[in-house]
$ cat protein_5.csv   # CSV, C-alpha atoms
chain,number,residue,atom,x,y,z
A,1,MET,CA,-18.6,19.4,15.8
A,2,HIS,CA,-16.7,18.1,18.8
A,3,GLU,CA,-15.4,21.6,19.3
A,4,LEU,CA,-18.6,22.3,21.2
A,5,SER,CA,-17.7,19.6,23.7
A,6,ILE,CA,-14.2,20.9,23.9
A,7,ALA,CA,-15.5,24.4,24.5
A,8,GLN,CA,-17.8,23.0,27.2
A,9,SER,CA,-14.9,21.3,28.9
A,10,ILE,CA,-12.9,24.6,28.9
A,11,PHE,CA,-16.0,26.4,30.2
A,12,ASP,CA,-16.5,23.9,33.1
A,13,ALA,CA,-12.8,24.2,34.0
A,14,ILE,CA,-12.6,28.0,34.0
A,15,GLU,CA,-15.9,28.4,35.9
A,16,ALA,CA,-14.7,26.0,38.6
A,17,LYS,CA,-11.4,27.9,38.9
A,18,ALA,CA,-13.2,31.3,39.0
A,19,ASP,CA,-15.5,30.1,41.8
A,20,GLN,CA,-12.5,28.8,43.7
A,21,CYS,CA,-10.7,32.2,43.5
A,22,GLN,CA,-13.9,34.3,43.9
A,23,ALA,CA,-13.5,36.0,40.6
A,24,SER,CA,-16.4,38.2,39.4
A,25,HIS,CA,-15.7,38.0,35.7
A,26,ILE,CA,-13.4,36.1,33.3
A,27,ARG,CA,-11.9,38.3,30.6
A,28,SER,CA,-9.8,35.9,28.6
A,29,VAL,CA,-8.6,32.3,28.6
A,30,HIS,CA,-5.2,31.3,27.3
A,31,LEU,CA,-4.9,27.9,25.6
A,32,GLN,CA,-2.3,25.7,23.9
A,33,VAL,CA,-3.7,23.7,21.0
A,34,GLY,CA,-1.5,21.3,19.1
A,35,GLU,CA,-1.6,21.1,15.3
A,36,ALA,CA,-2.3,17.4,15.6
A,37,SER,CA,-5.1,17.7,18.1
A,38,GLY,CA,-7.8,17.6,15.4
A,39,ILE,CA,-9.4,20.9,16.6
A,40,ILE,CA,-10.7,23.5,14.2
A,41,LEU,CA,-9.8,26.8,15.9
A,42,ASP,CA,-12.5,28.9,14.3
A,43,SER,CA,-15.2,26.4,15.4
A,44,LEU,CA,-13.7,26.2,18.9
A,45,THR,CA,-13.6,30.0,19.2
A,46,SER,CA,-17.2,30.5,18.1
A,47,CYS,CA,-18.5,27.6,20.3
A,48,PHE,CA,-16.6,29.1,23.2
A,49,GLU,CA,-18.0,32.6,22.6
A,50,MET,CA,-21.5,31.2,22.3
A,51,LEU,CA,-21.2,29.4,25.7
A,52,ALA,CA,-19.5,32.4,27.3
A,53,ASN,CA,-22.4,34.6,26.4
A,54,THR,CA,-24.8,32.4,28.3
A,55,ASP,CA,-23.3,33.4,31.6
A,56,GLN,CA,-22.6,36.8,33.2
A,57,MET,CA,-19.3,35.6,34.7
A,58,THR,CA,-17.9,34.9,31.2
A,59,GLN,CA,-19.8,37.5,29.1
A,60,GLY,CA,-17.5,38.7,26.4
A,61,ALA,CA,-14.6,36.4,27.3
A,62,GLN,CA,-12.0,35.9,24.6
A,63,LEU,CA,-9.9,32.9,23.8
A,64,GLN,CA,-6.2,33.4,23.2
A,65,ILE,CA,-4.8,30.3,21.4
A,66,ASP,CA,-1.2,29.4,21.0
A,67,VAL,CA,-0.9,26.8,18.2
A,68,ILE,CA,1.8,24.3,18.9
A,69,PRO,CA,3.6,22.8,15.9
A,70,HIS,CA,3.5,19.1,15.4
A,71,ARG,CA,7.1,17.9,15.7
A,72,ALA,CA,8.9,14.6,16.1
A,73,PHE,CA,12.4,13.3,16.8
A,74,CYS,CA,14.2,11.0,14.4
A,75,PRO,CA,16.5,8.7,16.4
A,76,HIS,CA,18.4,7.7,13.3
A,77,CYS,CA,19.3,11.3,12.3
A,78,ALA,CA,19.3,12.5,15.9
A,79,LYS,CA,17.2,15.5,14.7
A,80,GLU,CA,13.9,17.0,15.3
A,81,PHE,CA,11.6,17.5,12.3
A,82,GLU,CA,8.2,18.9,11.4
A,83,VAL,CA,5.4,16.4,11.0
A,84,LYS,CA,3.3,17.3,8.0
A,85,GLN,CA,-0.4,16.2,7.9
A,86,LEU,CA,0.1,13.7,10.7
A,87,VAL,CA,2.7,11.7,8.7
A,88,ALA,CA,5.7,11.3,11.1
A,89,GLN,CA,8.2,10.4,8.4
A,90,CYS,CA,11.7,11.9,8.8
A,91,PRO,CA,12.6,14.1,5.7
A,92,GLY,CA,16.2,13.2,6.2
A,93,CYS,CA,16.2,9.4,6.2
A,94,GLY,CA,12.6,8.5,5.3
A,95,GLN,CA,12.1,6.5,8.5
A,96,TRP,CA,9.0,6.8,10.6
A,97,SER,CA,9.3,8.0,14.2
A,98,ASP,CA,7.0,7.4,17.1
A,99,GLU,CA,8.8,10.0,19.3
A,100,ILE,CA,6.4,12.8,19.1
A,101,ILE,CA,7.8,16.0,20.7
A,102,SER,CA,4.8,18.3,20.4
A,103,GLY,CA,1.6,19.0,18.6
A,104,THR,CA,-1.0,17.0,20.5
A,105,GLU,CA,-1.5,19.6,23.3
A,106,LEU,CA,-5.0,20.6,24.4
A,107,ARG,CA,-4.2,22.7,27.5
A,108,ILE,CA,-5.6,25.6,29.4
A,109,LEU,CA,-2.7,27.7,30.6
A,110,GLU,CA,-4.3,30.6,32.5
A,111,MET,CA,-7.1,33.1,32.5
A,112,GLU,CA,-7.4,36.8,33.1
A,113,ILE,CA,-10.1,37.7,35.7
A,114,ASP,CA,-11.7,40.6,37.5
A,115,GLY,CA,-12.5,40.9,41.2
A,116,ILE,CA,-9.9,38.6,42.6
A,117,GLU,CA,-9.4,38.7,46.4
A,118,ALA,CA,-6.0,37.1,46.5
A,119,GLN,CA,-3.7,35.9,43.8
A,120,LEU,CA,-3.8,32.1,43.7
B,1,MET,CA,-5.4,42.6,35.6
B,2,PRO,CA,-5.0,39.4,37.7
B,3,LYS,CA,-4.0,36.3,35.9
B,4,VAL,CA,-4.9,32.9,37.3
B,5,THR,CA,-2.8,29.8,36.4
B,6,ILE,CA,-4.9,26.8,35.5
B,7,ALA,CA,-2.4,24.6,33.7
B,8,GLN,CA,-4.6,21.6,33.0
B,9,ASN,CA,-5.5,19.4,30.1
B,10,ILE,CA,-8.8,20.6,28.5
B,11,LEU,CA,-10.0,17.0,28.5
B,12,ALA,CA,-8.8,16.3,32.1
B,13,ALA,CA,-12.3,15.6,33.3
B,14,ASN,CA,-12.9,13.0,30.6
B,15,ASP,CA,-9.4,11.5,30.9
B,16,SER,CA,-9.7,11.0,34.6
B,17,ILE,CA,-13.0,9.1,34.2
B,18,ALA,CA,-11.4,7.1,31.4
B,19,GLN,CA,-8.5,6.2,33.7
B,20,GLU,CA,-10.9,5.0,36.4
B,21,LEU,CA,-12.8,3.0,33.7
B,22,ARG,CA,-9.5,1.5,32.6
B,23,GLN,CA,-8.7,0.3,36.1
B,24,GLN,CA,-12.2,-1.0,36.6
B,25,PHE,CA,-11.9,-3.0,33.3
B,26,LYS,CA,-8.6,-4.4,34.4
B,27,ALA,CA,-9.9,-5.4,37.8
B,28,LYS,CA,-12.8,-7.2,36.0
B,29,ARG,CA,-10.3,-8.9,33.7
B,30,LEU,CA,-11.9,-7.3,30.6
B,31,VAL,CA,-10.4,-6.5,27.3
B,32,THR,CA,-12.2,-3.4,25.9
B,33,LEU,CA,-12.3,-2.3,22.3
B,34,ASN,CA,-13.6,1.0,21.1
B,35,LEU,CA,-15.1,0.6,17.5
B,36,MET,CA,-15.2,3.7,15.4
B,37,SER,CA,-16.2,4.4,11.8
B,38,SER,CA,-18.4,6.3,9.5
B,39,PRO,CA,-22.1,5.6,9.7
B,40,GLY,CA,-23.0,2.5,7.6
B,41,SER,CA,-19.5,0.9,7.4
B,42,GLY,CA,-20.7,-2.2,9.3
B,43,LYS,CA,-19.7,-1.8,13.0
B,44,THR,CA,-22.9,-3.5,14.2
B,45,SER,CA,-22.7,-6.2,11.5
B,46,LEU,CA,-19.1,-6.9,12.5
B,47,LEU,CA,-20.2,-7.2,16.1
B,48,GLU,CA,-23.0,-9.6,15.1
B,49,CYS,CA,-20.7,-11.8,13.2
B,50,THR,CA,-18.1,-11.7,15.9
B,51,ILE,CA,-20.6,-12.6,18.6
B,52,LYS,CA,-22.0,-15.5,16.7
B,53,ARG,CA,-18.5,-16.9,16.2
B,54,LEU,CA,-17.1,-16.3,19.7
B,55,HIS,CA,-19.9,-16.2,22.2
B,56,SER,CA,-19.8,-19.9,22.9
B,57,LEU,CA,-16.1,-19.5,23.8
B,58,ILE,CA,-16.0,-16.3,25.8
B,59,GLY,CA,-18.4,-13.8,27.5
B,60,ILE,CA,-19.0,-10.8,25.3
B,61,ALA,CA,-20.8,-7.6,26.1
B,62,VAL,CA,-21.5,-4.5,24.0
B,63,ILE,CA,-22.0,-0.8,24.8
B,64,GLU,CA,-23.9,0.6,21.9
B,65,GLY,CA,-23.6,4.3,21.2
B,66,ASP,CA,-26.1,6.0,18.9
B,67,ILE,CA,-27.6,9.4,18.6
B,68,GLU,CA,-31.1,7.9,18.6
B,69,THR,CA,-32.9,4.5,18.6
B,70,ALA,CA,-32.2,1.1,20.3
B,71,THR,CA,-32.1,-0.7,16.9
B,72,ASP,CA,-28.4,-1.7,17.2
B,73,ALA,CA,-28.8,-3.0,20.8
B,74,GLU,CA,-31.7,-5.2,19.6
B,75,ARG,CA,-29.5,-6.6,16.8
B,76,ILE,CA,-26.7,-7.3,19.3
B,77,GLU,CA,-29.0,-9.0,21.7
B,78,ALA,CA,-30.5,-11.1,19.0
B,79,ALA,CA,-26.9,-12.2,18.1
B,80,GLY,CA,-26.5,-13.5,21.6
B,81,ALA,CA,-24.6,-10.9,23.7
B,82,GLN,CA,-25.5,-8.6,26.6
B,83,THR,CA,-25.8,-5.0,25.6
B,84,VAL,CA,-26.7,-1.6,26.9
B,85,GLN,CA,-27.7,1.3,24.6
B,86,ILE,CA,-26.5,4.8,25.0
B,87,ASN,CA,-28.4,7.4,23.2
B,88,THR,CA,-26.4,10.6,22.9
B,89,ARG,CA,-29.4,12.7,21.8
B,90,GLY,CA,-27.5,14.7,19.3
B,91,ALA,CA,-23.9,14.4,20.5
B,92,CYS,CA,-21.5,13.1,17.8
B,93,HIS,CA,-19.3,10.9,19.9
B,94,LEU,CA,-19.2,9.0,23.2
B,95,GLU,CA,-17.5,10.5,26.2
B,96,ALA,CA,-16.1,8.6,29.2
B,97,HIS,CA,-18.9,9.6,31.6
B,98,MET,CA,-21.5,8.1,29.3
B,99,VAL,CA,-19.7,4.7,29.4
B,100,ARG,CA,-19.3,5.0,33.2
B,101,ASP,CA,-23.0,5.6,33.6
B,102,ALA,CA,-24.0,2.8,31.2
B,103,LEU,CA,-21.7,0.2,32.8
B,104,PRO,CA,-23.9,-0.8,35.8
B,105,GLU,CA,-26.6,-2.0,33.3
B,106,LEU,CA,-24.3,-4.8,32.3
B,107,ASP,CA,-23.6,-8.0,34.3
B,108,LEU,CA,-19.8,-8.2,33.6
B,109,GLY,CA,-19.2,-11.3,35.8
B,110,ALA,CA,-18.5,-13.7,33.0
B,111,VAL,CA,-17.6,-11.1,30.3
B,112,ARG,CA,-14.0,-11.1,29.0
B,113,LEU,CA,-14.5,-9.0,25.9
B,114,LEU,CA,-16.3,-5.7,26.0
B,115,PHE,CA,-17.0,-3.7,22.8
B,116,ILE,CA,-17.9,-0.1,22.8
B,117,GLU,CA,-19.6,0.8,19.5
B,118,ASN,CA,-19.1,4.5,19.1
B,119,VAL,CA,-21.4,6.9,17.3
B,120,GLY,CA,-21.0,6.6,13.5
B,121,ASN,CA,-18.6,9.5,12.8
B,122,LEU,CA,-15.0,9.4,11.4
B,123,VAL,CA,-13.9,12.6,13.1
B,124,CYS,CA,-15.0,13.4,16.7
B,125,PRO,CA,-14.8,10.0,18.5
B,126,SER,CA,-11.0,9.8,18.1
B,127,THR,CA,-10.5,12.6,20.6
B,128,TRP,CA,-12.2,10.9,23.6
B,129,ASP,CA,-10.5,8.3,25.7
B,130,LEU,CA,-13.2,5.8,26.9
B,131,GLY,CA,-10.8,3.7,29.0
B,132,GLU,CA,-10.4,1.1,26.2
B,133,ASP,CA,-7.4,-1.1,25.6
B,134,SER,CA,-7.5,-0.6,21.8
B,135,LYS,CA,-9.2,1.6,19.3
B,136,VAL,CA,-10.4,-0.1,16.1
B,137,VAL,CA,-11.4,1.9,13.0
B,138,ILE,CA,-13.6,0.3,10.4
B,139,VAL,CA,-13.8,1.4,6.8
B,140,SER,CA,-15.9,-0.3,4.1
B,141,THR,CA,-15.3,-0.7,0.4
B,142,THR,CA,-18.4,1.3,-0.5
B,143,GLU,CA,-17.0,4.5,1.2
B,144,GLY,CA,-14.2,5.1,-1.3
B,145,ASP,CA,-10.5,4.4,-0.7
B,146,ASP,CA,-9.4,7.9,0.4
B,147,LYS,CA,-10.7,7.8,4.0
B,148,PRO,CA,-7.4,7.5,5.8
B,149,SER,CA,-6.0,10.6,4.0
B,150,LYS,CA,-9.2,12.5,4.5
B,151,TYR,CA,-9.7,11.6,8.2
B,152,PRO,CA,-6.1,11.2,9.3
B,153,GLN,CA,-6.7,11.7,13.0
B,154,MET,CA,-8.9,8.6,13.3
B,155,PHE,CA,-6.4,6.4,11.5
B,156,SER,CA,-3.4,7.7,13.4
B,157,VAL,CA,-4.8,6.9,16.9
B,158,ALA,CA,-6.2,3.4,16.0
B,159,GLN,CA,-4.4,0.2,16.9
B,160,ALA,CA,-6.3,-1.8,14.2
B,161,MET,CA,-8.2,-1.1,11.0
B,162,VAL,CA,-10.9,-3.4,9.6
B,163,ILE,CA,-11.6,-3.1,5.9
B,164,ASN,CA,-15.2,-4.4,5.6
B,165,LYS,CA,-17.4,-5.4,2.7
B,166,ILE,CA,-14.6,-6.9,0.6
B,167,ASP,CA,-17.3,-9.1,-1.1
B,168,LEU,CA,-18.3,-5.9,-3.0
B,169,LEU,CA,-14.8,-5.3,-4.4
B,170,PRO,CA,-15.7,-6.4,-7.9
B,171,TYR,CA,-18.4,-3.7,-8.0
B,172,VAL,CA,-16.8,-0.7,-6.5
B,173,ASN,CA,-13.7,1.5,-7.2
B,174,PHE,CA,-11.8,0.7,-4.1
B,175,SER,CA,-8.1,-0.3,-3.8
B,176,VAL,CA,-7.4,-2.2,-0.6
B,177,ASN,CA,-3.7,-1.6,-1.0
B,178,LYS,CA,-4.2,2.2,-1.4
B,179,VAL,CA,-6.1,2.3,1.9
B,180,ILE,CA,-3.6,0.2,3.7
B,181,GLN,CA,-0.7,2.4,2.3
B,182,GLN,CA,-2.5,5.6,3.4
B,183,ALA,CA,-3.2,4.2,6.9
B,184,ARG,CA,0.4,3.0,7.3
B,185,ARG,CA,1.8,6.4,6.4
B,186,LEU,CA,-0.1,7.8,9.3
B,187,ASN,CA,0.4,4.8,11.6
B,188,PRO,CA,3.0,2.3,10.5
B,189,LYS,CA,2.1,-0.1,13.3
B,190,ILE,CA,-1.6,-0.3,12.6
B,191,ARG,CA,-2.9,-3.9,12.4
B,192,VAL,CA,-5.1,-4.5,9.3
B,193,PHE,CA,-7.9,-6.9,8.7
B,194,THR,CA,-9.8,-7.3,5.4
B,195,LEU,CA,-13.1,-9.1,5.7
B,196,SER,CA,-16.7,-9.5,4.7
B,197,CYS,CA,-19.4,-9.8,7.3
B,198,ARG,CA,-21.7,-11.1,4.6
B,199,THR,CA,-19.6,-14.0,3.3
B,200,GLY,CA,-17.5,-14.5,6.5
B,201,GLU,CA,-14.2,-14.2,4.5
B,202,GLY,CA,-11.5,-12.8,6.7
B,203,MET,CA,-13.5,-13.2,9.9
B,204,ASP,CA,-11.2,-16.0,11.2
B,205,ASP,CA,-8.2,-13.6,11.3
B,206,TRP,CA,-10.1,-11.0,13.1
B,207,CYS,CA,-11.5,-13.4,15.7
B,208,GLU,CA,-8.1,-14.9,16.2
B,209,TRP,CA,-6.7,-11.4,16.9
B,210,LEU,CA,-9.4,-10.8,19.4
B,211,LEU,CA,-8.6,-14.0,21.2
B,212,GLN,CA,-4.9,-13.0,21.2
B,213,GLN,CA,-5.8,-9.7,22.8
B,214,LEU,CA,-7.3,-11.7,25.7
B,215,GLU,CA,-4.2,-13.8,25.9
B,216,ALA,CA,-2.0,-10.8,25.9
B,217,ASN,CA,-3.9,-9.4,28.8
B,218,PRO,CA,-2.2,-10.9,31.9
B,219,PHE,CA,-5.4,-10.7,33.9
B,220,VAL,CA,-7.4,-12.8,31.5
B,221,TYR,CA,-7.3,-16.6,31.5
B,222,SER,CA,-5.8,-18.2,28.4
B,223,TYR,CA,-8.2,-19.6,25.9
B,224,ARG,CA,-7.6,-21.0,22.5
B,225,PRO,CA,-10.5,-22.8,20.7
B,226,THR,CA,-10.0,-26.3,19.5
B,227,ASP,CA,-11.2,-27.1,16.0
$ encode --input "protein_5.csv" --output "structure tokens"
Amino acid sequence: MHELSIAQSIFDAIEAKADQCQASHIRSVHLQVGEASGIILDSLTSCFEMLANTDQMTQGAQLQIDVIPHRAFCPHCAKEFEVKQLVAQCPGCGQWSDEIISGTELRILEMEIDGIEAQL
Amino acid sequence: MPKVTIAQNILAANDSIAQELRQQFKAKRLVTLNLMSSPGSGKTSLLECTIKRLHSLIGIAVIEGDIETATDAERIEAAGAQTVQINTRGACHLEAHMVRDALPELDLGAVRLLFIENVGNLVCPSTWDLGEDSKVVIVSTTEGDDKPSKYPQMFSVAQAMVINKIDLLPYVNFSVNKVIQQARRLNPKIRVFTLSCRTGEGMDDWCEWLLQQLEANPFVYSYRPTD
């Protein structure tokens, strides 16, 4: 259940940002979560909603999650390929690649807020 | 509706503490290993055996992570190493701030090898950087030989895998080769050790590798034991 810790980290980051720009309420938070990040999205969403409902500032806030595919580059074939179940083996030549292009992201992109004084 | 750009890693707070720790470890000429496994695979036993073999050669300290109790820290102390116990009170993994807060409890002056024994859990600890040099995953022969496939994240981030309790191989359905194959599919470069803490078989290779880690660290003096 490390999704609760991840949700807490998101919560801390958005509250800090909301204070900084004097927002009165956070409506939604936009995330990028890589397929290979080991996060269960349903758990993350329910943990986040649970935390969000403990504070007026975040009451009812929603997570919007972009799932980023796990992809690698094969230097032998000079091609990108999809990494399946964390096995970074090129389907073309069978070689393993350690050139991961995407899929490990765990990022907060932006949030939608109410009561902003000036756009930051 | 106004949008505010945040553009930061969700684990940024943890990662920046981990980065500070890493610099601190480097400055203190420490090699740090983060040990992760299921509960009961033998992390503490491995540490006890390792300490008994190496503590006359190099200073060793252990940060013990457990949900409750100081049982493991007592075992480590009895084996002859300095230790500090972190009780996570329910949390399923260690985070960098816990390590940072525990560190002042240790006198690291003569210590060259620092182990962080994570909470027994084959899922969550893999996500948190603790500032370590290497992650080591331990799997034991009594757990079944499908662990790397079932818990791929852990095996894909580890630099080394220890297969423990090989003295029990005649009594359990466990294929060492199958586990190594699965782990190498996820992580072709993973270093593998097969050993038994009970009989001591395989411990020499593991201890030799640990000493090599010290030698590979440019900040640490070279030490090779003489037989």
$ residues_around --input "protein_5.csv" --residues "stretch 185-200 of chain B" --least-positions-apart "3" --cutoff "9 Å" --atoms "all atoms listed in the file" --output "number ranges by chain"
A: 85-89, 96, 98; B: 42, 45-46, 48-50, 148-149, 152-153, 155-168, 176, 180-182, 203-206
$ closest_residue --input "protein_5.csv" --among "A:Gln8, A:Ala78, A:His25, A:Asp42" --to "A:Gln95" --atoms "only C-alpha atoms"
A:Ala78
$ closest_residue --input "protein_5.csv" --among "A:Ala52, A:Ser97, A:Ile68, A:Gly103" --to "chain B" --atoms "all atoms listed in the file"
A:Ser97
$ interface_residues --input "protein_5.csv" --of "chain A" --to "chain B" --cutoff "8 Å" --atoms "only C-alpha atoms" --output "PyMOL selection string"
chain A and resi 1-2+6+9-10+13-14+17+36-38+85-89+96+105-114+116+119-120
$ closest_residue --input "protein_5.csv" --among "B:Ser41, B:Thr69, B:Ser140, B:Asn34" --to "B:Glu117" --atoms "only C-alpha atoms"
B:Asn34
$ residues_near_point --input "protein_5.csv" --point "(-24.0, -0.6, 23.6)" --cutoff "6 Å" --atoms "all atoms listed in the file" --output "ChimeraX atom specification"
/B:62-65,83-85
$ residues_around --input "protein_5.csv" --residues "A:Pro69" --least-positions-apart "6" --cutoff "9 Å" --atoms "all atoms listed in the file" --output "list in words"
Val33, Gly34, Glu35, Ala36, Glu82, Val83, Ser102, Gly103 and Thr104 of chain A
$ atom_distance --input "protein_5.csv" --atom1 "atom CA of B:Ile60" --atom2 "atom CA of B:Pro104"
15.3 Å
$ atom_distance --input "protein_5.csv" --atom1 "atom CA of A:Leu31" --atom2 "atom CA of A:Leu63"
7.3 Å
$ atom_distance --input "protein_5.csv" --atom1 "atom CA of B:Arg53" --atom2 "atom CA of B:Glu74"
18.0 Å
$ closest_residue --input "protein_5.csv" --among "B:Cys207, B:Val179, B:Ile67, B:Ala96" --to "B:Leu47" --atoms "all atoms listed in the file"
B:Cys207
$ build_atoms --input "protein_5.csv" --residues "stretch 76-98 of chain A" --atoms "N, CA and C atoms" --output "compact mmCIF listing (two decimals), in the frame of the given file"
# COMPACT_ATOMS: atom_id res chain seq x y z
N HIS A 76 17.34 8.04 14.23
CA HIS A 76 18.40 7.70 13.30
C HIS A 76 19.28 8.89 12.95
N CYS A 77 18.61 10.03 12.69
CA CYS A 77 19.30 11.30 12.30
C CYS A 77 19.67 12.10 13.56
N ALA A 78 19.10 11.69 14.71
CA ALA A 78 19.30 12.50 15.90
C ALA A 78 18.83 13.93 15.73
N LYS A 79 17.71 14.11 15.01
CA LYS A 79 17.20 15.50 14.70
C LYS A 79 15.74 15.55 14.90
N GLU A 80 15.31 16.75 15.21
CA GLU A 80 13.90 17.00 15.30
C GLU A 80 13.38 17.35 13.85
N PHE A 81 12.14 17.04 13.57
CA PHE A 81 11.60 17.50 12.30
C PHE A 81 10.11 17.79 12.42
N GLU A 82 9.62 18.51 11.41
CA GLU A 82 8.20 18.90 11.40
C GLU A 82 7.35 17.82 10.84
N VAL A 83 6.30 17.47 11.54
CA VAL A 83 5.40 16.40 11.00
C VAL A 83 4.33 17.10 10.18
N LYS A 84 4.24 16.65 8.93
CA LYS A 84 3.30 17.30 8.00
C LYS A 84 2.07 16.39 7.85
N GLN A 85 0.90 16.93 8.05
CA GLN A 85 -0.40 16.20 7.90
C GLN A 85 -0.37 14.86 8.60
N LEU A 86 0.13 14.86 9.81
CA LEU A 86 0.10 13.70 10.70
C LEU A 86 1.02 12.54 10.22
N VAL A 87 1.83 12.76 9.19
CA VAL A 87 2.70 11.70 8.70
C VAL A 87 4.11 11.93 9.35
N ALA A 88 4.46 11.11 10.34
CA ALA A 88 5.70 11.30 11.10
C ALA A 88 6.88 10.66 10.44
N GLN A 89 7.13 11.03 9.20
CA GLN A 89 8.20 10.40 8.40
C GLN A 89 9.37 11.46 8.35
N CYS A 90 10.55 11.04 8.75
CA CYS A 90 11.70 11.90 8.80
C CYS A 90 12.09 12.35 7.36
N PRO A 91 12.20 13.65 7.09
CA PRO A 91 12.60 14.10 5.70
C PRO A 91 14.02 13.75 5.40
N GLY A 92 14.83 13.50 6.43
CA GLY A 92 16.20 13.20 6.20
C GLY A 92 16.44 11.76 5.74
N CYS A 93 15.90 10.79 6.48
CA CYS A 93 16.20 9.40 6.20
C CYS A 93 14.99 8.59 5.73
N GLY A 94 13.79 9.19 5.80
CA GLY A 94 12.60 8.50 5.30
C GLY A 94 12.00 7.52 6.32
N GLN A 95 12.61 7.38 7.51
CA GLN A 95 12.10 6.50 8.50
C GLN A 95 10.94 7.12 9.30
N TRP A 96 10.03 6.27 9.78
CA TRP A 96 9.00 6.80 10.60
C TRP A 96 9.42 6.87 12.07
N SER A 97 8.90 7.87 12.76
CA SER A 97 9.30 8.00 14.20
C SER A 97 8.02 7.96 15.02
N ASP A 98 8.12 7.33 16.19
CA ASP A 98 7.00 7.40 17.10
C ASP A 98 7.35 8.29 18.33
